[in-house]
$ cat input.pdb   # PDB, C-alpha atoms
ATOM      1  CA  MET A 129     -27.920   9.939  19.367
ATOM      2  CA  THR A 130     -29.350  12.589  17.130
ATOM      3  CA  GLY A 131     -29.000  10.544  13.979
ATOM      4  CA  GLN A 132     -28.098  13.656  12.014
ATOM      5  CA  ALA A 133     -25.392  13.357   9.394
ATOM      6  CA  THR A 134     -22.578  15.630  10.497
ATOM      7  CA  LEU A 135     -19.276  16.283   8.812
ATOM      8  CA  ARG A 136     -16.322  14.901  10.711
ATOM      9  CA  PRO A 137     -13.809  17.557  11.692
ATOM     10  CA  TRP A 138     -10.419  17.623   9.993
ATOM     11  CA  PRO A 139      -8.367  15.114  12.000
ATOM     12  CA  LEU A 140      -5.240  17.275  12.158
ATOM     13  CA  SER A 141      -5.037  20.484  14.149
ATOM     14  CA  LEU A 142      -3.440  23.633  12.768
ATOM     15  CA  VAL A 143      -0.401  23.036  15.015
ATOM     16  CA  SER A 144       0.013  19.493  13.654
ATOM     17  CA  CYS A 145      -0.282  20.727  10.055
ATOM     18  CA  VAL A 146       2.339  23.448  10.589
ATOM     19  CA  SER A 147       4.559  20.918  12.341
ATOM     20  CA  ILE A 148       4.312  18.403   9.485
ATOM     21  CA  VAL A 149       4.999  21.106   6.872
ATOM     22  CA  LEU A 150       8.098  22.300   8.772
ATOM     23  CA  VAL A 151       9.436  18.749   9.207
ATOM     24  CA  ALA A 152       8.866  17.912   5.526
ATOM     25  CA  ALA A 153      10.334  21.231   4.332
ATOM     26  CA  GLY A 154      13.417  20.786   6.501
ATOM     27  CA  VAL A 155      14.003  17.244   5.262
ATOM     28  CA  LEU A 156      13.565  18.289   1.610
ATOM     29  CA  LEU A 157      15.914  21.253   2.022
ATOM     30  CA  THR A 158      18.687  19.055   3.407
ATOM     31  CA  GLY A 159      19.536  18.508  -0.274
ATOM     32  CA  VAL A 160      20.687  22.151  -0.274
ATOM     33  CA  SER A 161      22.303  22.186   3.151
ATOM     34  CA  TRP A 162      22.089  19.977   6.202
ATOM     35  CA  TRP A 163      21.601  23.079   8.322
ATOM     36  CA  PHE A 164      18.015  23.117   7.079
ATOM     37  CA  LEU A 165      17.441  20.063   9.270
ATOM     38  CA  LEU A 166      17.037  22.586  12.080
ATOM     39  CA  ILE A 167      13.732  23.598  10.444
ATOM     40  CA  SER A 168      12.603  20.002  10.915
ATOM     41  CA  ALA A 169      13.747  20.182  14.532
ATOM     42  CA  ALA A 170      11.612  23.300  15.032
ATOM     43  CA  GLY A 171       8.615  21.486  13.565
ATOM     44  CA  ALA A 172       9.172  18.270  15.507
ATOM     45  CA  TYR A 173      10.093  19.629  18.924
ATOM     46  CA  GLY A 174       8.884  23.250  18.870
ATOM     47  CA  PRO A 175       5.222  22.506  19.694
ATOM     48  CA  GLY A 176       6.267  20.183  22.525
ATOM     49  CA  LEU A 177       8.529  22.836  24.035
ATOM     50  CA  LEU A 178       5.791  25.473  23.758
ATOM     51  CA  ARG A 179       3.340  23.092  25.483
ATOM     52  CA  GLU A 180       5.788  22.359  28.290
ATOM     53  CA  PHE A 181       6.388  26.083  28.889
ATOM     54  CA  GLY A 182       2.640  26.688  28.920
ATOM     55  CA  TYR A 183       2.397  28.785  25.749
ATOM     56  CA  LEU A 184       0.367  26.258  23.767
ATOM     57  CA  HIS A 185      -2.842  24.608  24.983
ATOM     58  CA  ASP A 186      -4.005  22.654  21.948
ATOM     59  CA  ARG A 187      -4.242  19.180  23.480
ATOM     60  CA  ASP A 188      -6.650  17.590  25.887
ATOM     61  CA  GLU A 189      -5.489  15.420  28.775
ATOM     62  CA  PHE A 190      -5.899  12.141  26.884
ATOM     63  CA  GLN A 191      -3.657  13.375  24.077
ATOM     64  CA  ARG A 192      -1.093  14.613  26.610
ATOM     65  CA  MET A 193      -1.166  11.244  28.384
ATOM     66  CA  ALA A 194      -0.598   9.411  25.078
ATOM     67  CA  ALA A 195       2.339  11.728  24.328
ATOM     68  CA  TYR A 196       3.885  11.216  27.782
ATOM     69  CA  ARG A 197       3.579   7.427  27.516
ATOM     70  CA  ALA A 198       5.121   7.578  24.056
ATOM     71  CA  GLY A 199       8.025   9.573  25.466
ATOM     72  CA  TYR A 200       8.573   6.890  28.099
ATOM     73  CA  HIS A 201       8.497   4.143  25.457
ATOM     74  CA  ALA A 202      10.965   6.076  23.314
ATOM     75  CA  TYR A 203      13.242   6.400  26.352
ATOM     76  CA  LEU A 204      13.060   2.644  27.033
ATOM     77  CA  ILE A 205      13.708   1.527  23.448
ATOM     78  CA  SER A 206      16.445   4.077  22.769
ATOM     79  CA  GLY A 207      18.043   3.357  26.148
ATOM     80  CA  ILE A 208      18.202  -0.357  25.403
ATOM     81  CA  LEU A 209      19.627   0.402  21.949
ATOM     82  CA  ALA A 210      22.251   2.704  23.476
ATOM     83  CA  MET A 211      23.274   0.043  25.995
ATOM     84  CA  LEU A 212      23.559  -2.571  23.256
ATOM     85  CA  LEU A 213      25.749  -0.324  21.124
ATOM     86  CA  VAL A 214      27.970   0.705  24.019
ATOM     87  CA  ALA A 215      28.410  -2.963  24.959
ATOM     88  CA  PHE A 216      29.062  -3.907  21.316
ATOM     89  CA  PHE A 217      31.691  -1.239  20.649
ATOM     90  CA  ARG A 218      33.378  -1.596  24.045
ATOM     91  CA  ALA A 219      33.532  -5.383  23.769
ATOM     92  CA  SER A 220      34.870  -5.409  20.209
ATOM     93  CA  ASP A 221      37.949  -3.756  18.810
ATOM     94  CA  LEU A 222      36.041  -2.032  16.034
ATOM     95  CA  GLN A 223      36.791   1.598  15.356
ATOM     96  CA  PHE A 224      33.735   3.582  14.344
ATOM     97  CA  ASN A 225      34.184   7.098  13.045
ATOM     98  CA  ASP A 226      30.833   7.728  11.360
ATOM     99  CA  LEU A 227      29.273   9.520  14.275
ATOM    100  CA  GLU A 228      26.522  11.015  12.104
ATOM    101  CA  GLU A 229      25.342   7.478  11.327
ATOM    102  CA  LEU A 230      25.048   6.731  15.025
ATOM    103  CA  ALA A 231      23.235   9.989  15.672
ATOM    104  CA  THR A 232      20.843   9.222  12.812
ATOM    105  CA  LEU A 233      20.161   5.801  14.305
ATOM    106  CA  PHE A 234      19.270   7.301  17.676
ATOM    107  CA  LEU A 235      17.172  10.024  16.090
ATOM    108  CA  THR A 236      15.286   7.400  14.074
ATOM    109  CA  SER A 237      14.811   5.151  17.086
ATOM    110  CA  LEU A 238      13.676   7.984  19.338
ATOM    111  CA  SER A 239      11.347   9.653  16.828
ATOM    112  CA  PHE A 240       9.827   6.519  15.359
ATOM    113  CA  THR A 241       9.191   4.836  18.707
ATOM    114  CA  TRP A 242       7.570   8.025  19.960
ATOM    115  CA  LEU A 243       5.444   8.353  16.820
ATOM    116  CA  LEU A 244       4.291   4.720  16.797
ATOM    117  CA  SER A 245       3.566   4.675  20.517
ATOM    118  CA  SER A 246       1.638   7.949  20.512
ATOM    119  CA  LEU A 247      -0.457   6.823  17.535
ATOM    120  CA  ILE A 248      -1.207   3.456  19.169
ATOM    121  CA  GLY A 249      -1.973   5.215  22.460
ATOM    122  CA  PHE A 250      -4.305   7.703  20.789
ATOM    123  CA  TRP A 251      -6.078   5.510  18.230
ATOM    124  CA  GLY A 252      -5.843   2.190  20.045
ATOM    125  CA  ALA A 253      -4.077  -0.958  18.819
ATOM    126  CA  GLN A 254      -6.624  -2.126  16.254
ATOM    127  CA  LYS A 255      -7.167   1.180  14.501
ATOM    128  CA  SER A 256      -3.424   1.933  14.487
ATOM    129  CA  ALA A 257      -2.515  -1.499  13.099
ATOM    130  CA  TYR A 258      -5.229  -1.148  10.462
ATOM    131  CA  ARG A 259      -3.917   2.249   9.349
ATOM    132  CA  PHE A 260      -0.227   1.224   9.427
ATOM    133  CA  LEU A 261      -0.942  -1.866   7.328
ATOM    134  CA  LEU A 262      -3.150   0.029   4.925
ATOM    135  CA  THR A 263      -0.371   2.612   4.470
ATOM    136  CA  PHE A 264       2.204  -0.148   3.939
ATOM    137  CA  GLY A 265      -0.061  -1.836   1.390
ATOM    138  CA  ILE A 266      -0.758   1.368  -0.538
ATOM    139  CA  VAL A 267       2.923   2.388  -0.577
ATOM    140  CA  TRP A 268       3.955  -1.084  -1.759
ATOM    141  CA  LEU A 269       1.204  -1.083  -4.385
ATOM    142  CA  ALA A 270       2.294   2.320  -5.692
ATOM    143  CA  PHE A 271       5.938   1.236  -5.676
ATOM    144  CA  THR A 272       5.292  -1.957  -7.658
ATOM    145  CA  ILE A 273       3.064  -0.217 -10.193
ATOM    146  CA  LEU A 274       5.504   2.664 -10.700
ATOM    147  CA  SER A 275       8.497   0.351 -10.987
ATOM    148  CA  ASN A 276       6.700  -1.643 -13.691
ATOM    149  CA  THR A 277       5.412   1.323 -15.655
ATOM    150  CA  GLY A 278       8.516   3.486 -15.506
ATOM    151  CA  SER A 279      11.175   3.820 -18.144
ATOM    152  CA  GLU A 280      11.609   0.050 -18.298
ATOM    153  CA  TRP A 281       8.446  -1.695 -19.487
ATOM    154  CA  ARG A 282       8.475  -5.327 -18.345
ATOM    155  CA  GLY A 283       5.168  -6.473 -19.799
ATOM    156  CA  TRP A 284       1.678  -6.954 -18.481
ATOM    157  CA  LEU A 285       2.325 -10.101 -16.415
ATOM    158  CA  PRO A 286       4.733  -8.480 -13.899
ATOM    159  CA  LEU A 287       2.468  -5.438 -13.758
ATOM    160  CA  LEU A 288      -0.425  -7.666 -12.740
ATOM    161  CA  LEU A 289       1.488 -10.052 -10.479
ATOM    162  CA  HIS A 290       3.823  -7.756  -8.515
ATOM    163  CA  PRO A 291       1.009  -5.714  -6.918
ATOM    164  CA  LEU A 292      -0.285  -8.998  -5.452
ATOM    165  CA  LEU A 293       2.619  -8.758  -2.979
ATOM    166  CA  ALA A 294       0.684  -5.912  -1.353
ATOM    167  CA  LEU A 295      -2.262  -8.225  -0.752
ATOM    168  CA  PRO A 296      -0.976  -9.658   2.587
ATOM    169  CA  PHE A 297      -0.862  -6.119   4.020
ATOM    170  CA  PHE A 298      -4.508  -5.521   3.128
ATOM    171  CA  ILE A 299      -5.541  -8.963   4.459
ATOM    172  CA  LEU A 300      -3.672  -8.305   7.720
ATOM    173  CA  ALA A 301      -5.298  -4.857   7.937
ATOM    174  CA  ILE A 302      -8.771  -6.442   7.800
ATOM    175  CA  LEU A 303      -7.715  -9.216  10.184
ATOM    176  CA  SER A 304      -6.464  -6.649  12.716
ATOM    177  CA  LEU A 305     -10.036  -5.371  13.022
ATOM    178  CA  ARG A 306     -11.802  -8.745  13.012
ATOM    179  CA  LEU A 307      -9.310 -11.106  14.679
ATOM    180  CA  PRO A 308      -6.754  -8.933  16.519
ATOM    181  CA  ARG A 309      -4.989 -11.798  18.291
ATOM    182  CA  LEU A 310      -4.435 -13.768  15.085
ATOM    183  CA  ALA A 311      -3.385 -10.595  13.264
ATOM    184  CA  GLY A 312      -0.914  -9.749  16.045
ATOM    185  CA  LEU A 313       0.603 -13.203  15.873
ATOM    186  CA  LEU A 314       0.853 -13.078  12.071
ATOM    187  CA  LEU A 315       2.459  -9.628  12.234
ATOM    188  CA  LEU A 316       5.190 -10.852  14.587
ATOM    189  CA  VAL A 317       5.774 -13.924  12.406
ATOM    190  CA  SER A 318       5.902 -11.691   9.305
ATOM    191  CA  ALA A 319       8.360  -9.330  10.992
ATOM    192  CA  THR A 320      10.610 -12.286  11.917
ATOM    193  CA  ALA A 321      10.363 -13.709   8.395
ATOM    194  CA  LEU A 322      11.178 -10.355   6.802
ATOM    195  CA  THR A 323      14.148  -9.893   9.166
ATOM    196  CA  TRP A 324      15.458 -13.287   8.094
ATOM    197  CA  PHE A 325      14.602 -12.715   4.409
ATOM    198  CA  PHE A 326      16.410  -9.379   4.182
ATOM    199  CA  GLN A 327      19.245 -10.726   6.383
ATOM    200  CA  PHE A 328      19.229  -7.844   8.829
ATOM    201  CA  PHE A 329      22.041  -7.929  11.387
ATOM    202  CA  GLN A 330      23.857 -10.835   9.716
ATOM    203  CA  ARG A 331      26.802  -8.970   8.287
ATOM    204  CA  ASP A 332      29.949  -8.411  10.214
ATOM    205  CA  ASN A 333      30.678  -4.894   9.008
ATOM    206  CA  LEU A 334      29.442  -1.600  10.281
ATOM    207  CA  ALA A 335      26.619  -1.430   7.733
ATOM    208  CA  ILE A 336      24.738  -2.755  10.734
ATOM    209  CA  ILE A 337      23.886   0.849  11.652
ATOM    210  CA  ASN A 338      22.133   1.480   8.334
ATOM    211  CA  GLN A 339      20.440  -1.887   8.581
ATOM    212  CA  ALA A 340      19.185  -1.001  12.036
ATOM    213  CA  ILE A 341      17.668   2.243  10.691
ATOM    214  CA  VAL A 342      15.933   0.365   7.865
ATOM    215  CA  PHE A 343      14.804  -2.251  10.392
ATOM    216  CA  ILE A 344      13.252   0.414  12.643
ATOM    217  CA  LEU A 345      11.476   2.101   9.727
ATOM    218  CA  PHE A 346      10.089  -0.994   7.998
ATOM    219  CA  ILE A 347       9.904  -3.774  10.575
ATOM    220  CA  GLY A 348       9.254  -1.489  13.562
ATOM    221  CA  PRO A 349       5.601  -0.720  12.697
ATOM    222  CA  LEU A 350       4.876  -4.437  12.178
ATOM    223  CA  VAL A 351       6.443  -5.392  15.524
ATOM    224  CA  ALA A 352       4.777  -2.504  17.386
ATOM    225  CA  SER A 353       1.371  -3.306  15.871
ATOM    226  CA  GLY A 354       1.778  -7.033  16.579
ATOM    227  CA  ILE A 355       2.718  -6.509  20.240
ATOM    228  CA  ALA A 356      -0.052  -3.924  20.731
ATOM    229  CA  LEU A 357      -2.685  -6.174  19.142
ATOM    230  CA  LEU A 358      -1.618  -9.202  21.186
ATOM    231  CA  SER A 359      -1.460  -7.318  24.486
ATOM    232  CA  THR A 360      -4.771  -5.520  23.871
ATOM    233  CA  SER A 361      -6.662  -8.672  22.893
ATOM    234  CA  THR A 362      -5.199 -10.599  25.850
ATOM    235  CA  LEU A 363      -6.162  -7.828  28.287
ATOM    236  CA  ARG A 364      -9.643  -7.603  26.787
ATOM    237  CA  SER A 365     -10.318 -11.340  26.847
ATOM    238  CA  SER A 366      -9.254 -11.601  30.511
ATOM    239  CA  SER A 367     -11.532  -8.657  31.287
ATOM    240  CA  LYS A 368     -14.444 -10.310  29.464
ATOM    241  CA  ARG A 369     -13.825 -13.605  31.279
ATOM    242  CA  SER A 370     -13.968 -11.898  34.651
ATOM    243  CA  GLN A 371     -17.134 -10.007  33.714
ATOM    244  CA  GLY A 372     -18.693 -13.012  31.985
ATOM    245  CA  LYS A 373     -20.218 -10.909  29.233
ATOM    246  CA  GLY A 374     -19.468  -8.783  26.231
ATOM    247  CA  ASN A 375     -18.653  -8.964  22.595
ATOM    248  CA  ASP A 376     -15.040  -9.531  21.630
ATOM    249  CA  ASN A 377     -15.276  -7.093  18.775
ATOM    250  CA  ASP A 378     -15.578  -3.478  19.859
ATOM    251  CA  ASN A 379     -16.052  -2.347  16.315
ATOM    252  CA  THR A 380     -19.672  -3.468  16.338
ATOM    253  CA  ASP A 381     -20.507  -0.083  17.831
ATOM    254  CA  ASP A 382     -21.269   2.341  15.048
ATOM    255  CA  GLU A 383     -19.434   5.180  16.764
ATOM    256  CA  ASP A 384     -16.247   3.167  17.062
ATOM    257  CA  GLU A 385     -15.918   2.800  13.312
ATOM    258  CA  ILE A 386     -12.723   3.953  11.673
TER
ATOM    259  CA  MET B 245      -2.694  -3.286  38.156
ATOM    260  CA  LYS B 246      -3.713  -0.635  35.658
ATOM    261  CA  PRO B 247      -5.535   2.541  36.747
ATOM    262  CA  THR B 248      -8.305   1.876  34.230
ATOM    263  CA  GLU B 249      -9.001  -1.503  35.847
ATOM    264  CA  THR B 250     -10.256  -0.012  39.097
ATOM    265  CA  VAL B 251     -12.881   2.404  37.794
ATOM    266  CA  LEU B 252     -16.135   1.461  36.086
ATOM    267  CA  ASN B 253     -18.016   4.025  34.067
ATOM    268  CA  GLN B 254     -21.513   4.505  32.678
ATOM    269  CA  LEU B 255     -20.602   7.293  30.274
ATOM    270  CA  ARG B 256     -21.983   5.594  27.173
ATOM    271  CA  HIS B 257     -25.250   4.808  28.937
ATOM    272  CA  TYR B 258     -25.820   8.380  30.122
ATOM    273  CA  ARG B 259     -24.652   9.892  26.842
ATOM    274  CA  ARG B 260     -27.201   7.822  24.962
ATOM    275  CA  LEU B 261     -29.861   8.804  27.477
ATOM    276  CA  ALA B 262     -28.977  12.430  26.750
ATOM    277  CA  ASP B 263     -29.288  11.609  23.029
ATOM    278  CA  ILE B 264     -25.988  13.130  21.992
ATOM    279  CA  THR B 265     -23.110  11.761  19.946
ATOM    280  CA  GLN B 266     -19.541  11.327  21.122
ATOM    281  CA  GLN B 267     -18.521  14.285  18.944
ATOM    282  CA  GLU B 268     -21.203  16.524  20.422
ATOM    283  CA  LEU B 269     -20.196  15.624  23.956
ATOM    284  CA  ALA B 270     -16.541  16.155  23.069
ATOM    285  CA  ASP B 271     -17.342  19.582  21.613
ATOM    286  CA  ARG B 272     -19.278  20.573  24.739
ATOM    287  CA  ILE B 273     -16.359  19.984  27.064
ATOM    288  CA  GLY B 274     -13.521  20.804  24.674
ATOM    289  CA  VAL B 275     -11.852  17.439  24.150
ATOM    290  CA  THR B 276     -11.416  15.159  21.153
ATOM    291  CA  ARG B 277     -13.934  12.473  20.217
ATOM    292  CA  GLN B 278     -11.137   9.946  20.710
ATOM    293  CA  THR B 279     -11.000  10.933  24.379
ATOM    294  CA  ILE B 280     -14.718  10.230  24.854
ATOM    295  CA  LEU B 281     -14.375   6.954  22.949
ATOM    296  CA  SER B 282     -11.414   5.856  25.080
ATOM    297  CA  ILE B 283     -13.240   6.654  28.327
ATOM    298  CA  GLU B 284     -16.354   4.788  27.191
ATOM    299  CA  LYS B 285     -14.314   1.750  26.228
ATOM    300  CA  GLY B 286     -12.525   1.805  29.571
ATOM    301  CA  LYS B 287      -9.125   2.434  28.050
ATOM    302  CA  TYR B 288      -8.677   5.736  29.819
ATOM    303  CA  THR B 289      -9.726   6.995  33.238
ATOM    304  CA  PRO B 290     -10.203  10.772  33.142
ATOM    305  CA  SER B 291      -8.915  13.264  35.689
ATOM    306  CA  VAL B 292     -11.257  14.549  38.385
ATOM    307  CA  ALA B 293     -11.639  17.819  36.483
ATOM    308  CA  LEU B 294     -12.677  16.073  33.260
ATOM    309  CA  ALA B 295     -14.975  13.686  35.165
ATOM    310  CA  LEU B 296     -16.732  16.707  36.705
ATOM    311  CA  GLN B 297     -17.037  18.366  33.289
ATOM    312  CA  LEU B 298     -18.550  15.193  31.837
ATOM    313  CA  ALA B 299     -21.040  14.933  34.688
ATOM    314  CA  GLU B 300     -22.031  18.566  34.256
ATOM    315  CA  ALA B 301     -22.424  18.210  30.501
ATOM    316  CA  LEU B 302     -24.710  15.202  30.953
ATOM    317  CA  SER B 303     -26.531  16.696  33.980
ATOM    318  CA  VAL B 304     -25.758  13.723  36.212
ATOM    319  CA  ARG B 305     -23.743  13.259  39.363
ATOM    320  CA  VAL B 306     -20.127  12.276  38.889
ATOM    321  CA  GLU B 307     -20.637   9.181  41.048
ATOM    322  CA  ASP B 308     -23.381   8.065  38.676
ATOM    323  CA  LEU B 309     -20.904   8.201  35.832
ATOM    324  CA  PHE B 310     -17.948   6.641  37.602
ATOM    325  CA  GLN B 311     -17.821   3.985  40.277
ATOM    326  CA  LEU B 312     -14.900   2.412  42.032
ATOM    327  CA  ASN B 313     -14.601  -1.272  41.189
ATOM    328  CA  LYS B 314     -15.053  -2.995  44.531
ATOM    329  CA  GLY B 315     -13.765  -6.348  43.222
ATOM    330  CA  SER B 316     -10.234  -7.636  43.653
ATOM    331  CA  PRO B 317      -7.721  -5.362  41.902
ATOM    332  CA  ASP B 318      -6.205  -8.412  40.309
ATOM    333  CA  ASP B 319      -9.370  -9.805  38.794
ATOM    334  CA  GLY B 320      -8.747  -7.849  35.623
ATOM    335  CA  SER B 321     -12.175  -6.261  35.577
ATOM    336  CA  GLY B 322     -12.310  -3.424  33.095
ATOM    337  CA  ASN B 323     -14.905  -0.796  32.587
ATOM    338  CA  ALA B 324     -18.439  -1.510  31.526
TER
END
$ encode --input "input.pdb" --output "structure tokens"
Amino acid sequence: MTGQATLRPWPLSLVSCVSIVLVAAGVLLTGVSWWFLLISAAGAYGPGLLREFGYLHDRDEFQRMAAYRAGYHAYLISGILAMLLVAFFRASDLQFNDLEELATLFLTSLSFTWLLSSLIGFWGAQKSAYRFLLTFGIVWLAFTILSNTGSEWRGWLPLLLHPLLALPFFILAILSLRLPRLAGLLLLVSATALTWFFQFFQRDNLAIINQAIVFILFIGPLVASGIALLSTSTLRSSSKRSQGKGNDNDNTDDEDEI
Amino acid sequence: MKPTETVLNQLRHYRRLADITQQELADRIGVTRQTILSIEKGKYTPSVALALQLAEALSVRVEDLFQLNKGSPDDGSGNA
């Protein structure tokens, strides 16, 4: 190594930045008209189409492999979801006319599974889990602080105590780097507990579709991180056993740091 | 059996011998640093084209960088 201090390049490419801006702009403009969602579609799927037709060469083979694997995972998860819903509606006598809700559910499932899987494939399980949990913690922290300092002042005690609910996310984030197997297990337990706590899927009306979307958005990252951490640490420990050497923590290498 | 479980690599060893960082190596062959990191950690086995580019960038033979794992495919051996 040269030992020279070099600036790290901006992690997002120009294509990714344009894509994110288009997706965000489209979503924001849906308040004006839902037709603007097509701008989001251009941002989300345009670069992929251009890559497939050979007009865009902004990704190396590892990034392409991560994207292809993510596509396969999205197909598996959304396929299972589709089968479940077809079985559910065919087996019951329920009439369901809110087709846009169903389409939203599939769009959420497809997009979110693809996003989570490609991030885990690109960054690896530990780094992805760390970043997901950090994001969750920061969002929760901001939410609790803003809700306590908004128009309704509730006193200093809630302002100091409510942000503590974000603490488990930060602890799990650190654990995911140091003890990935334990962190993975705790994430799956937490996801189960939160599912039970918020009573997802326990109502007998068709709000189940909205609940499923919320479940994918909030519990999905915890489940995906937990499974990835458990499978990665299991694979690694079996590899180390067979080689009879090695350190269980890859992050000891200075170049592997986040 | 995973593809990455059948190929061992010495990329990190030869990169350190060449005294270059992951980012510098990545810049030389036009990939991301994450790609170099994943190959070094044995999470990703590169294509023949990328393996040849890596060997050329480090001035070594490709078979010095990558070796087929001669052990049982089911022994779970990963990369070095």
$ residues_around --input "input.pdb" --residues "region 298-313 of chain A" --least-positions-apart "2" --cutoff "8 Å" --atoms "only C-alpha atoms" --output "list in words"
Gln254, Lys255, Ala257, Tyr258, Arg259, Leu261, Leu262, Gly265, Ala294, Leu295, Pro296, Leu315, Leu316, Val317, Ser353, Gly354, Ile355, Ala356, Leu357, Leu358, Ser361, Thr362, Asn377 and Asn379 of chain A
$ resolve_selection --input "input.pdb" --expression "the PyMOL selection byres ((chain A and resi 234-249) around 8)" --output "PyMOL selection string"
chain A and resi 194-195+197-199+201-203+205-206+210+230-233+250-253+255-257+341+344-345+349+352-353+356
$ atom_distance --input "input.pdb" --atom1 "CA of Phe224 (chain A)" --atom2 "CA of Phe343 (chain A)"
20.2 Å
$ resolve_selection --input "input.pdb" --expression "the PyMOL selection byres ((chain B and resi 293-298) around 9)" --output "ChimeraX atom specification"
/A:189 /B:255,269,272-273,289-292,299-306,309-310
$ write_last_selection --input "input.pdb" --atoms "C-alpha atoms" --output "compact mmCIF listing (two decimals), in the coordinates of the input"
# COMPACT_ATOMS: atom_id res chain seq x y z
CA GLU A 189 -5.49 15.42 28.78
CA LEU B 255 -20.60 7.29 30.27
CA LEU B 269 -20.20 15.62 23.96
CA ARG B 272 -19.28 20.57 24.74
CA ILE B 273 -16.36 19.98 27.06
CA THR B 289 -9.73 7.00 33.24
CA PRO B 290 -10.20 10.77 33.14
CA SER B 291 -8.91 13.26 35.69
CA VAL B 292 -11.26 14.55 38.38
CA ALA B 299 -21.04 14.93 34.69
CA GLU B 300 -22.03 18.57 34.26
CA ALA B 301 -22.42 18.21 30.50
CA LEU B 302 -24.71 15.20 30.95
CA SER B 303 -26.53 16.70 33.98
CA VAL B 304 -25.76 13.72 36.21
CA ARG B 305 -23.74 13.26 39.36
CA VAL B 306 -20.13 12.28 38.89
CA LEU B 309 -20.90 8.20 35.83
CA PHE B 310 -17.95 6.64 37.60
$ residues_around --input "input.pdb" --residues "Asn276 (chain A)" --least-positions-apart "4" --cutoff "12 Å" --atoms "all atoms listed in the file" --output "PDB file with C-alpha atoms, in the frame of the given file"
ATOM      1  CA  LEU A 269       1.204  -1.083  -4.385  1.00  0.00           C
ATOM      2  CA  ALA A 270       2.294   2.320  -5.692  1.00  0.00           C
ATOM      3  CA  PHE A 271       5.938   1.236  -5.676  1.00  0.00           C
ATOM      4  CA  THR A 272       5.292  -1.957  -7.658  1.00  0.00           C
ATOM      5  CA  GLU A 280      11.609   0.050 -18.298  1.00  0.00           C
ATOM      6  CA  TRP A 281       8.446  -1.695 -19.487  1.00  0.00           C
ATOM      7  CA  ARG A 282       8.475  -5.327 -18.345  1.00  0.00           C
ATOM      8  CA  GLY A 283       5.168  -6.473 -19.799  1.00  0.00           C
ATOM      9  CA  TRP A 284       1.678  -6.954 -18.481  1.00  0.00           C
ATOM     10  CA  LEU A 285       2.325 -10.101 -16.415  1.00  0.00           C
ATOM     11  CA  PRO A 286       4.733  -8.480 -13.899  1.00  0.00           C
ATOM     12  CA  LEU A 287       2.468  -5.438 -13.758  1.00  0.00           C
ATOM     13  CA  LEU A 288      -0.425  -7.666 -12.740  1.00  0.00           C
ATOM     14  CA  LEU A 289       1.488 -10.052 -10.479  1.00  0.00           C
ATOM     15  CA  HIS A 290       3.823  -7.756  -8.515  1.00  0.00           C
ATOM     16  CA  PRO A 291       1.009  -5.714  -6.918  1.00  0.00           C
TER      17      PRO A 291
END
$ atom_distance --input "input.pdb" --atom1 "CA of Asp308 (chain B)" --atom2 "CA of Thr279 (chain B)"
19.1 Å
$ build_atoms --input "input.pdb" --residues "region 297-307 of chain B" --atoms "N, CA and C atoms" --output "PDB file, in the coordinates of the input"
ATOM      1  N   GLN B 297     -16.529  17.720  34.504  1.00  0.00           N
ATOM      2  CA  GLN B 297     -17.037  18.366  33.289  1.00  0.00           C
ATOM      3  C   GLN B 297     -18.021  17.452  32.560  1.00  0.00           C
ATOM      4  N   LEU B 298     -17.669  16.167  32.502  1.00  0.00           N
ATOM      5  CA  LEU B 298     -18.550  15.193  31.837  1.00  0.00           C
ATOM      6  C   LEU B 298     -19.894  15.108  32.558  1.00  0.00           C
ATOM      7  N   ALA B 299     -19.815  15.037  33.892  1.00  0.00           N
ATOM      8  CA  ALA B 299     -21.040  14.933  34.688  1.00  0.00           C
ATOM      9  C   ALA B 299     -21.912  16.167  34.484  1.00  0.00           C
ATOM     10  N   GLU B 300     -21.274  17.325  34.441  1.00  0.00           N
ATOM     11  CA  GLU B 300     -22.031  18.566  34.256  1.00  0.00           C
ATOM     12  C   GLU B 300     -22.669  18.625  32.868  1.00  0.00           C
ATOM     13  N   ALA B 301     -21.900  18.172  31.874  1.00  0.00           N
ATOM     14  CA  ALA B 301     -22.424  18.210  30.501  1.00  0.00           C
ATOM     15  C   ALA B 301     -23.610  17.264  30.331  1.00  0.00           C
ATOM     16  N   LEU B 302     -23.622  16.180  31.080  1.00  0.00           N
ATOM     17  CA  LEU B 302     -24.710  15.202  30.953  1.00  0.00           C
ATOM     18  C   LEU B 302     -25.775  15.390  32.045  1.00  0.00           C
ATOM     19  N   SER B 303     -25.581  16.388  32.895  1.00  0.00           N
ATOM     20  CA  SER B 303     -26.531  16.696  33.980  1.00  0.00           C
ATOM     21  C   SER B 303     -26.758  15.496  34.893  1.00  0.00           C
ATOM     22  N   VAL B 304     -25.677  14.835  35.249  1.00  0.00           N
ATOM     23  CA  VAL B 304     -25.758  13.723  36.212  1.00  0.00           C
ATOM     24  C   VAL B 304     -24.692  13.951  37.279  1.00  0.00           C
ATOM     25  N   ARG B 305     -24.768  13.155  38.334  1.00  0.00           N
ATOM     26  CA  ARG B 305     -23.743  13.259  39.363  1.00  0.00           C
ATOM     27  C   ARG B 305     -22.506  12.487  38.898  1.00  0.00           C
ATOM     28  N   VAL B 306     -21.357  12.933  39.342  1.00  0.00           N
ATOM     29  CA  VAL B 306     -20.127  12.276  38.889  1.00  0.00           C
ATOM     30  C   VAL B 306     -20.062  10.826  39.390  1.00  0.00           C
ATOM     31  N   GLU B 307     -20.655  10.562  40.547  1.00  0.00           N
ATOM     32  CA  GLU B 307     -20.637   9.181  41.048  1.00  0.00           C
ATOM     33  C   GLU B 307     -21.617   8.277  40.308  1.00  0.00           C
TER      34      GLU B 307
END
